Amino acid sequence: MSIHHAAPHAVRSPVLSLAPPLIGTKGLTVRLGGRTILDRVDLEVRPGEIVTLIGPNGAGKTTLVRAVLGLVRASSGVVERRRSLRIGYMPQRLTVDATLPLTVRRFLALWRPVTEARITAALEEAGVSHLAASPVQTVSGGEMQRVLLARALLGDPELLVLDEPDQAVDVHGQAELFGRIETLRRTRGCGVLLVSHDLHTVMARTDRVLCLNGHVCCQGAPEDVRRHPEYRALFGGHADALAVYVHHHDHAHATDGAVVPGHDGDCCHG
Amino acid sequence: MDDFVLRALAAGCGIALVAGPLGSFVVWRRMAYFGDTLAHSALLGVALGFLLGVNPLIGVVGVCVALALALVGLQRRRALASDTVLGILSHSSLSLGLVAIAFLETLRVDLVAYLFGDILSVTTADLAWIYAGGAAALGGLLLLWRRLLAVTVDEDLARVEGMPVEALRLAFMLLIALVIAAAMKIVGILLITSLLIIPAAAARRFSRTPEAMAALASVFGIAAVLGGLLSSLNWDLPGGPSIVVAAAALFLASMMVPVANR
């Protein structure tokens with residue numbers, strides 16, 4: 001059975017997937033306070049591609065994102081970015097001190113010199129035009145996510161980096177947000193690197209899933225895994241890894257799908 | 001009006017003008033205690049200035065900058081909580097300054113004037129220093145305004161956008177050091193922080209943009225200087241504390257004023 005057979009509805013065009021990666025890590029290792037958080041991680045995100053990082057708590061997802069953003073230094077290995085890459089970063093949340101009077105519109109103007117017209121356009125694109133004059137502290141979690149998306153768009157990003165965008169948002173909001181991100185990927189052709197704890201929501205819209213647990217356990221196209229049982233059989237370890245993840249790593253699955261309790265969460269080696 | 005009163009007014013209003021925007025940043029960045037610590041170290045700067053035969057204001061700026069650098073270094077280690085580190089540096093530098101001045105037997109300084117200010121004895125030379133330091137601080141703040149706001153809102157985001165976060169943080173500390181050096185003569189090192197934060201805090205409720213808050217803080221500061229100075233002259237009260245009391249009264253009054261849709 002060929003791997004091509006397993007990708008019947010791939011969204012990526014051949015041209016896009018052949019483009020050089022926007023960012024890549026090679027053998028990225030990060031140690032913090034004597035603990036190895038990331039162990040020889042290889043990651044690539046290409047233009048127009050959505051890559052989702054999943055993994056249990058403490059797997060190093062956020063650290064990997066921060067290393068890609070240049071906020072955490074590599075202990076060894078490298079982080080390579082395309083020259084003068086424009087990154088639009090959407091943090092998990094953002095709290096502005098109550099003493100700072102700041103409207104949403106003004107918040108968006110802080111990061112680079114921008115025209116009022118561009119701010120209006122970005123607010124529209126993110127679907128939060130009605131919030132322009134609101135104090136940024138009064139905006140709800142889901143709205144703030146979209147404001148942060150608007151902020152990222154103002155930098156005309158080639159790569160969008162989103163850290164757990166589903167955390168502050170309800171199920172409806174999540175679907176909406178991911179819809180927007182997918183549209184952006186299509187219209188702007190930007191790459192997307194996403195951290196998520198909710199595989200169900202992200203599954204259908206992700207090109208590639210990277211399962212992290214300190215090291216890279218496995219990666220693959222999630223929808224193919226789900227739709228093709230034979231693929232699952234062929235790449236049993238990978239498919240199991242996803243299943244283990246969904247079940248919060250409190251047990252593992254035998255190859256026939258039976259639950260094996262007491263697995264310690266090191267997902268690909270069970 | 002007497003010359004010394006005019007000089008006092010000019011000095012006080014000049015400082016209040018600069019303290020408005022800078023104090024707003026101190027409030028937004030939650031750095032009130034940090035400002036206090038820098039101010040307390042100023043006395044050591046005065047002593048060093050005399051010892052080295054340079055203008056005490058230069059000594060003050062030098063010591064403040066050294067302290068700011070030491071703070072950044074200590075905070076990076078994270079072995080102790082920030083407020084503990086500040087408390088240690090604040091009181092030990094103030095005591096060190098007091099001890100140093102006691103050691104310099106040839107030096108006769110009016111300690112009370114340094115601690116609580118002596119606005120009515122401001123000389124023309126003082127005025128020149130105050131305006132030079134104040135203008136430099138205000139100019140620097142205007143130049144860095146947008147980026148400092150961005151760093152205040154979120155340091156990680158600012159860093160990802162390529163802003164030099166560490167340099168901006170240091171520059172901000174330098175600006176505070178400048179204002180402390182300039183304001184020392186007005187309200188004294190023990191009360192300087194109040195001139196930074198009380199007008200800014202009073203301005204918060206009436207402002208919808210950072211710039212409005214900064215400007216209004218300047219206006220409130222100037223009002224406090226005028227009120228404090230007038231009562232000081234009328235009732236023969238100490239100048240610095242009178243200004244701070246006036247600022248506090250303004251703050252209380254601002255709390256009473258109802259503000260629409262808030």
# chains A, B, ... in the order shown; residues from 1 in each chain; ligands from 1
$ select_by_dssp --residues "range 29-217 of chain B" --states "alpha helix (DSSP H)" --output "MDAnalysis selection string"
chainID B and resid 32:40 42:52 56:77 82:103 111:116 124:153 155:160 165:187 192:204 210:217
$ closest_atom_pairs --of "chain A" --to "chain B" --cutoff "9 Å" --atoms "only C-alpha atoms" --output "CSV"
residue,atom,partner,partner_atom,distance
A:Leu69,CA,B:Val160,CA,6.2
A:Gly70,CA,B:Val160,CA,7.1
A:Leu71,CA,B:Asp156,CA,7.2
A:Arg86,CA,B:Glu161,CA,8.6
A:Ile87,CA,B:Val160,CA,7.6
A:Gly88,CA,B:Glu161,CA,8.4
A:Tyr89,CA,B:Leu157,CA,7.2
A:Met90,CA,B:Leu157,CA,8.4
A:Pro91,CA,B:Leu157,CA,7.9
A:Leu94,CA,B:Asp154,CA,7.5
A:Thr95,CA,B:Val153,CA,7.9
A:Val96,CA,B:Val153,CA,5.8
A:Asp97,CA,B:Trp28,CA,6.6
A:Ala98,CA,B:Trp28,CA,8.2
A:Thr99,CA,B:Trp28,CA,5.7
A:Leu100,CA,B:Trp28,CA,5.6
A:Pro101,CA,B:Thr209,CA,5.0
A:Leu102,CA,B:Thr209,CA,5.5
A:Thr103,CA,B:Thr209,CA,7.2
A:Arg106,CA,B:Thr209,CA,8.0
A:Phe107,CA,B:Ala150,CA,8.3
A:Ala109,CA,B:Arg146,CA,8.6
A:Leu110,CA,B:Ala150,CA,5.5
A:Trp111,CA,B:Ala150,CA,6.2
A:Arg112,CA,B:Glu161,CA,8.2
A:Pro135,CA,B:Arg208,CA,7.8
A:Gly155,CA,B:Glu161,CA,8.6
$ write_last_selection --atoms "C-alpha atoms" --output "PDB file, in the first residue's frame"
ATOM      1  CA  LEU A  69      10.053  32.453  18.124  1.00  0.00           C
ATOM      2  CA  GLY A  70      13.514  33.131  19.512  1.00  0.00           C
ATOM      3  CA  LEU A  71      12.267  33.529  23.094  1.00  0.00           C
ATOM      4  CA  ARG A  86       7.727  37.810   9.208  1.00  0.00           C
ATOM      5  CA  ILE A  87       6.167  35.943  12.117  1.00  0.00           C
ATOM      6  CA  GLY A  88       2.701  36.659  13.486  1.00  0.00           C
ATOM      7  CA  TYR A  89       2.608  35.376  17.037  1.00  0.00           C
ATOM      8  CA  MET A  90      -0.662  34.753  18.870  1.00  0.00           C
ATOM      9  CA  PRO A  91       0.067  34.016  22.525  1.00  0.00           C
ATOM     10  CA  LEU A  94      -2.667  38.467  27.088  1.00  0.00           C
ATOM     11  CA  THR A  95      -3.573  40.496  30.124  1.00  0.00           C
ATOM     12  CA  VAL A  96      -3.121  44.240  30.021  1.00  0.00           C
ATOM     13  CA  ASP A  97      -2.738  45.979  33.362  1.00  0.00           C
ATOM     14  CA  ALA A  98      -5.963  47.713  34.369  1.00  0.00           C
ATOM     15  CA  THR A  99      -4.108  50.975  34.995  1.00  0.00           C
ATOM     16  CA  LEU A 100      -3.239  51.339  31.301  1.00  0.00           C
ATOM     17  CA  PRO A 101      -6.060  52.989  29.345  1.00  0.00           C
ATOM     18  CA  LEU A 102      -5.886  51.265  25.989  1.00  0.00           C
ATOM     19  CA  THR A 103      -8.537  50.667  23.366  1.00  0.00           C
ATOM     20  CA  ARG A 106      -4.708  51.550  20.037  1.00  0.00           C
ATOM     21  CA  PHE A 107      -3.443  48.172  21.206  1.00  0.00           C
ATOM     22  CA  ALA A 109      -1.139  50.282  16.716  1.00  0.00           C
ATOM     23  CA  LEU A 110       1.628  49.636  19.254  1.00  0.00           C
ATOM     24  CA  TRP A 111       3.674  47.029  17.441  1.00  0.00           C
ATOM     25  CA  ARG A 112       4.742  48.795  14.286  1.00  0.00           C
ATOM     26  CA  PRO A 135     -10.927  49.108  26.381  1.00  0.00           C
ATOM     27  CA  GLY A 155       2.558  42.350  10.452  1.00  0.00           C
TER      28      GLY A 155
END
$ atom_distance --atom1 "CA of Ile58 in chain B" --atom2 "CA of Gly45 in chain B"
7.8 Å
$ residues_around --residues "Ile130 in chain B" --least-positions-apart "3" --cutoff "10 Å" --atoms "only C-alpha atoms" --output "PyMOL selection string"
chain B and resi 10-12+14-15+57+122+124-127+133-136+178-186
$ closest_residue --among "B:Leu196, B:Leu98, B:Val225, B:Leu67" --to "Leu86 in chain B" --atoms "only C-alpha atoms"
B:Leu67
$ residues_around --residues "Ala39 in chain B" --least-positions-apart "6" --cutoff "12 Å" --atoms "only C-alpha atoms" --output "PDB file with N, CA and C atoms, in the first residue's frame"
ATOM      1  N   ALA B  32       6.484  51.154  41.144  1.00  0.00           N
ATOM      2  CA  ALA B  32       6.530  52.176  42.181  1.00  0.00           C
ATOM      3  C   ALA B  32       7.639  51.884  43.190  1.00  0.00           C
ATOM      4  N   TYR B  33       7.717  50.645  43.605  1.00  0.00           N
ATOM      5  CA  TYR B  33       8.723  50.281  44.595  1.00  0.00           C
ATOM      6  C   TYR B  33      10.126  50.399  43.996  1.00  0.00           C
ATOM      7  N   GLY B  45      24.622  58.806  45.952  1.00  0.00           N
ATOM      8  CA  GLY B  45      25.131  59.527  44.794  1.00  0.00           C
ATOM      9  C   GLY B  45      25.605  60.928  45.161  1.00  0.00           C
ATOM     10  N   VAL B  46      24.842  61.579  46.028  1.00  0.00           N
ATOM     11  CA  VAL B  46      25.236  62.911  46.486  1.00  0.00           C
ATOM     12  C   VAL B  46      26.590  62.841  47.173  1.00  0.00           C
ATOM     13  N   VAL B  60      24.316  61.261  41.452  1.00  0.00           N
ATOM     14  CA  VAL B  60      23.011  60.622  41.636  1.00  0.00           C
ATOM     15  C   VAL B  60      22.660  59.760  40.429  1.00  0.00           C
ATOM     16  N   VAL B  61      22.801  60.336  39.232  1.00  0.00           N
ATOM     17  CA  VAL B  61      22.473  59.574  38.026  1.00  0.00           C
ATOM     18  C   VAL B  61      23.359  58.335  37.936  1.00  0.00           C
ATOM     19  N   VAL B  63      24.888  56.620  40.377  1.00  0.00           N
ATOM     20  CA  VAL B  63      24.517  55.587  41.358  1.00  0.00           C
ATOM     21  C   VAL B  63      23.188  54.927  40.969  1.00  0.00           C
ATOM     22  N   CYS B  64      22.244  55.726  40.499  1.00  0.00           N
ATOM     23  CA  CYS B  64      20.942  55.174  40.094  1.00  0.00           C
ATOM     24  C   CYS B  64      21.124  54.165  38.957  1.00  0.00           C
ATOM     25  N   VAL B  65      21.948  54.513  37.994  1.00  0.00           N
ATOM     26  CA  VAL B  65      22.157  53.612  36.858  1.00  0.00           C
ATOM     27  C   VAL B  65      22.842  52.327  37.335  1.00  0.00           C
ATOM     28  N   LEU B  67      22.696  51.034  40.253  1.00  0.00           N
ATOM     29  CA  LEU B  67      21.718  50.263  41.017  1.00  0.00           C
ATOM     30  C   LEU B  67      20.733  49.553  40.086  1.00  0.00           C
ATOM     31  N   ALA B  68      20.304  50.267  39.051  1.00  0.00           N
ATOM     32  CA  ALA B  68      19.369  49.669  38.096  1.00  0.00           C
ATOM     33  C   ALA B  68      19.993  48.435  37.446  1.00  0.00           C
ATOM     34  N   LEU B  86      14.429  44.383  46.055  1.00  0.00           N
ATOM     35  CA  LEU B  86      14.249  45.841  46.095  1.00  0.00           C
ATOM     36  C   LEU B  86      14.374  46.359  47.524  1.00  0.00           C
ATOM     37  N   LEU B  89      18.065  46.406  48.587  1.00  0.00           N
ATOM     38  CA  LEU B  89      18.830  47.473  47.935  1.00  0.00           C
ATOM     39  C   LEU B  89      18.362  48.853  48.402  1.00  0.00           C
ATOM     40  N   SER B  90      17.052  48.996  48.538  1.00  0.00           N
ATOM     41  CA  SER B  90      16.498  50.295  48.907  1.00  0.00           C
ATOM     42  C   SER B  90      17.052  50.779  50.236  1.00  0.00           C
ATOM     43  N   HIS B  91      16.928  49.950  51.259  1.00  0.00           N
ATOM     44  CA  HIS B  91      17.307  50.408  52.592  1.00  0.00           C
ATOM     45  C   HIS B  91      18.801  50.393  52.810  1.00  0.00           C
ATOM     46  N   SER B  93      21.046  50.964  50.485  1.00  0.00           N
ATOM     47  CA  SER B  93      21.671  52.086  49.780  1.00  0.00           C
ATOM     48  C   SER B  93      21.370  53.407  50.495  1.00  0.00           C
ATOM     49  N   LEU B  94      20.160  53.523  51.059  1.00  0.00           N
ATOM     50  CA  LEU B  94      19.845  54.741  51.821  1.00  0.00           C
ATOM     51  C   LEU B  94      20.756  54.847  53.045  1.00  0.00           C
ATOM     52  N   GLY B  97      24.242  55.707  52.097  1.00  0.00           N
ATOM     53  CA  GLY B  97      24.346  57.144  51.820  1.00  0.00           C
ATOM     54  C   GLY B  97      24.458  57.951  53.092  1.00  0.00           C
ATOM     55  N   TYR B 114      17.876  67.173  51.636  1.00  0.00           N
ATOM     56  CA  TYR B 114      17.987  66.080  50.670  1.00  0.00           C
ATOM     57  C   TYR B 114      16.881  65.044  50.850  1.00  0.00           C
ATOM     58  N   LEU B 115      16.528  64.812  52.099  1.00  0.00           N
ATOM     59  CA  LEU B 115      15.522  63.779  52.353  1.00  0.00           C
ATOM     60  C   LEU B 115      14.107  64.245  52.005  1.00  0.00           C
ATOM     61  N   PHE B 116      13.810  65.503  52.315  1.00  0.00           N
ATOM     62  CA  PHE B 116      12.433  65.972  52.139  1.00  0.00           C
ATOM     63  C   PHE B 116      12.301  67.130  51.168  1.00  0.00           C
ATOM     64  N   MET B 173      14.829  52.842  32.862  1.00  0.00           N
ATOM     65  CA  MET B 173      15.431  53.051  34.180  1.00  0.00           C
ATOM     66  C   MET B 173      16.298  54.305  34.188  1.00  0.00           C
ATOM     67  N   ILE B 176      14.144  57.327  34.560  1.00  0.00           N
ATOM     68  CA  ILE B 176      13.716  57.528  35.949  1.00  0.00           C
ATOM     69  C   ILE B 176      14.863  58.110  36.762  1.00  0.00           C
ATOM     70  N   ALA B 177      16.077  57.592  36.540  1.00  0.00           N
ATOM     71  CA  ALA B 177      17.237  58.103  37.269  1.00  0.00           C
ATOM     72  C   ALA B 177      17.410  59.604  37.014  1.00  0.00           C
ATOM     73  N   LEU B 178      17.223  60.001  35.766  1.00  0.00           N
ATOM     74  CA  LEU B 178      17.347  61.422  35.415  1.00  0.00           C
ATOM     75  C   LEU B 178      16.326  62.260  36.179  1.00  0.00           C
ATOM     76  N   VAL B 179      15.083  61.790  36.199  1.00  0.00           N
ATOM     77  CA  VAL B 179      14.028  62.548  36.865  1.00  0.00           C
ATOM     78  C   VAL B 179      14.285  62.609  38.374  1.00  0.00           C
ATOM     79  N   ILE B 180      14.779  61.510  38.932  1.00  0.00           N
ATOM     80  CA  ILE B 180      15.076  61.506  40.372  1.00  0.00           C
ATOM     81  C   ILE B 180      16.153  62.535  40.688  1.00  0.00           C
ATOM     82  N   ALA B 181      17.200  62.546  39.867  1.00  0.00           N
ATOM     83  CA  ALA B 181      18.271  63.512  40.077  1.00  0.00           C
ATOM     84  C   ALA B 181      17.725  64.936  40.001  1.00  0.00           C
ATOM     85  N   ALA B 182      16.837  65.150  39.033  1.00  0.00           N
ATOM     86  CA  ALA B 182      16.315  66.501  38.841  1.00  0.00           C
ATOM     87  C   ALA B 182      15.323  66.890  39.935  1.00  0.00           C
ATOM     88  N   ALA B 183      14.579  65.929  40.456  1.00  0.00           N
ATOM     89  CA  ALA B 183      13.494  66.242  41.383  1.00  0.00           C
ATOM     90  C   ALA B 183      13.930  66.219  42.845  1.00  0.00           C
ATOM     91  N   MET B 184      15.144  65.747  43.073  1.00  0.00           N
ATOM     92  CA  MET B 184      15.620  65.573  44.453  1.00  0.00           C
ATOM     93  C   MET B 184      15.457  66.835  45.268  1.00  0.00           C
ATOM     94  N   LYS B 185      15.819  67.959  44.672  1.00  0.00           N
ATOM     95  CA  LYS B 185      15.795  69.237  45.387  1.00  0.00           C
ATOM     96  C   LYS B 185      14.356  69.685  45.691  1.00  0.00           C
ATOM     97  N   VAL B 187      11.219  67.714  46.155  1.00  0.00           N
ATOM     98  CA  VAL B 187      10.443  67.016  47.190  1.00  0.00           C
ATOM     99  C   VAL B 187      11.308  66.093  48.044  1.00  0.00           C
ATOM    100  N   GLY B 188      12.609  65.983  47.701  1.00  0.00           N
ATOM    101  CA  GLY B 188      13.476  65.125  48.507  1.00  0.00           C
ATOM    102  C   GLY B 188      13.376  63.673  48.101  1.00  0.00           C
ATOM    103  N   ILE B 189      14.440  62.912  48.398  1.00  0.00           N
ATOM    104  CA  ILE B 189      14.505  61.552  47.879  1.00  0.00           C
ATOM    105  C   ILE B 189      13.466  60.627  48.505  1.00  0.00           C
ATOM    106  N   LEU B 190      12.994  60.942  49.691  1.00  0.00           N
ATOM    107  CA  LEU B 190      12.013  60.051  50.323  1.00  0.00           C
ATOM    108  C   LEU B 190      10.624  60.218  49.708  1.00  0.00           C
ATOM    109  N   LEU B 191      10.405  61.340  49.038  1.00  0.00           N
ATOM    110  CA  LEU B 191       9.053  61.632  48.549  1.00  0.00           C
ATOM    111  C   LEU B 191       8.940  61.676  47.023  1.00  0.00           C
ATOM    112  N   ILE B 192      10.060  61.471  46.340  1.00  0.00           N
ATOM    113  CA  ILE B 192      10.038  61.616  44.875  1.00  0.00           C
ATOM    114  C   ILE B 192       9.018  60.702  44.209  1.00  0.00           C
ATOM    115  N   THR B 193       8.967  59.453  44.653  1.00  0.00           N
ATOM    116  CA  THR B 193       8.076  58.491  44.003  1.00  0.00           C
ATOM    117  C   THR B 193       6.625  58.969  44.030  1.00  0.00           C
ATOM    118  N   SER B 194       6.253  59.656  45.115  1.00  0.00           N
ATOM    119  CA  SER B 194       4.865  60.106  45.217  1.00  0.00           C
ATOM    120  C   SER B 194       4.536  61.089  44.104  1.00  0.00           C
ATOM    121  N   LEU B 195       5.514  61.920  43.736  1.00  0.00           N
ATOM    122  CA  LEU B 195       5.277  62.884  42.661  1.00  0.00           C
ATOM    123  C   LEU B 195       5.122  62.165  41.321  1.00  0.00           C
ATOM    124  N   LEU B 196       5.716  60.983  41.215  1.00  0.00           N
ATOM    125  CA  LEU B 196       5.584  60.192  39.994  1.00  0.00           C
ATOM    126  C   LEU B 196       4.231  59.486  39.945  1.00  0.00           C
TER     127      LEU B 196
END
$ atom_distance --atom1 "CA of Gly35 in chain B" --atom2 "CA of Glu105 in chain B"
29.8 Å
$ residues_around --residues "range 25-34 of chain A" --least-positions-apart "2" --cutoff "10 Å" --atoms "only C-alpha atoms" --output "number ranges by chain"
A: 23, 36-45, 60, 63-64, 67-68, 72-81, 214-215
$ closest_residue --among "B:Ala253, B:Asp3, B:Arg76, B:Ala247" --to "Leu120 in chain B" --atoms "only C-alpha atoms"
B:Asp3
$ closest_residue --among "A:Glu164, A:Glu49, A:Asp207, A:Glu116" --to "Gly189 in chain A" --atoms "only C-alpha atoms"
A:Glu49
$ atom_distance --atom1 "CA of Thr138 in chain A" --atom2 "CA of Ser254 in chain B"
22.4 Å
$ closest_residue --among "B:Leu96, B:Ile119, B:Val72, B:Leu138" --to "Ser232 in chain B" --atoms "only C-alpha atoms"
B:Ile119
$ select_by_dssp --residues "range 68-134 of chain A" --states "strand (DSSP E)" --output "PyMOL selection string"
chain A and resi 76-81+87-90
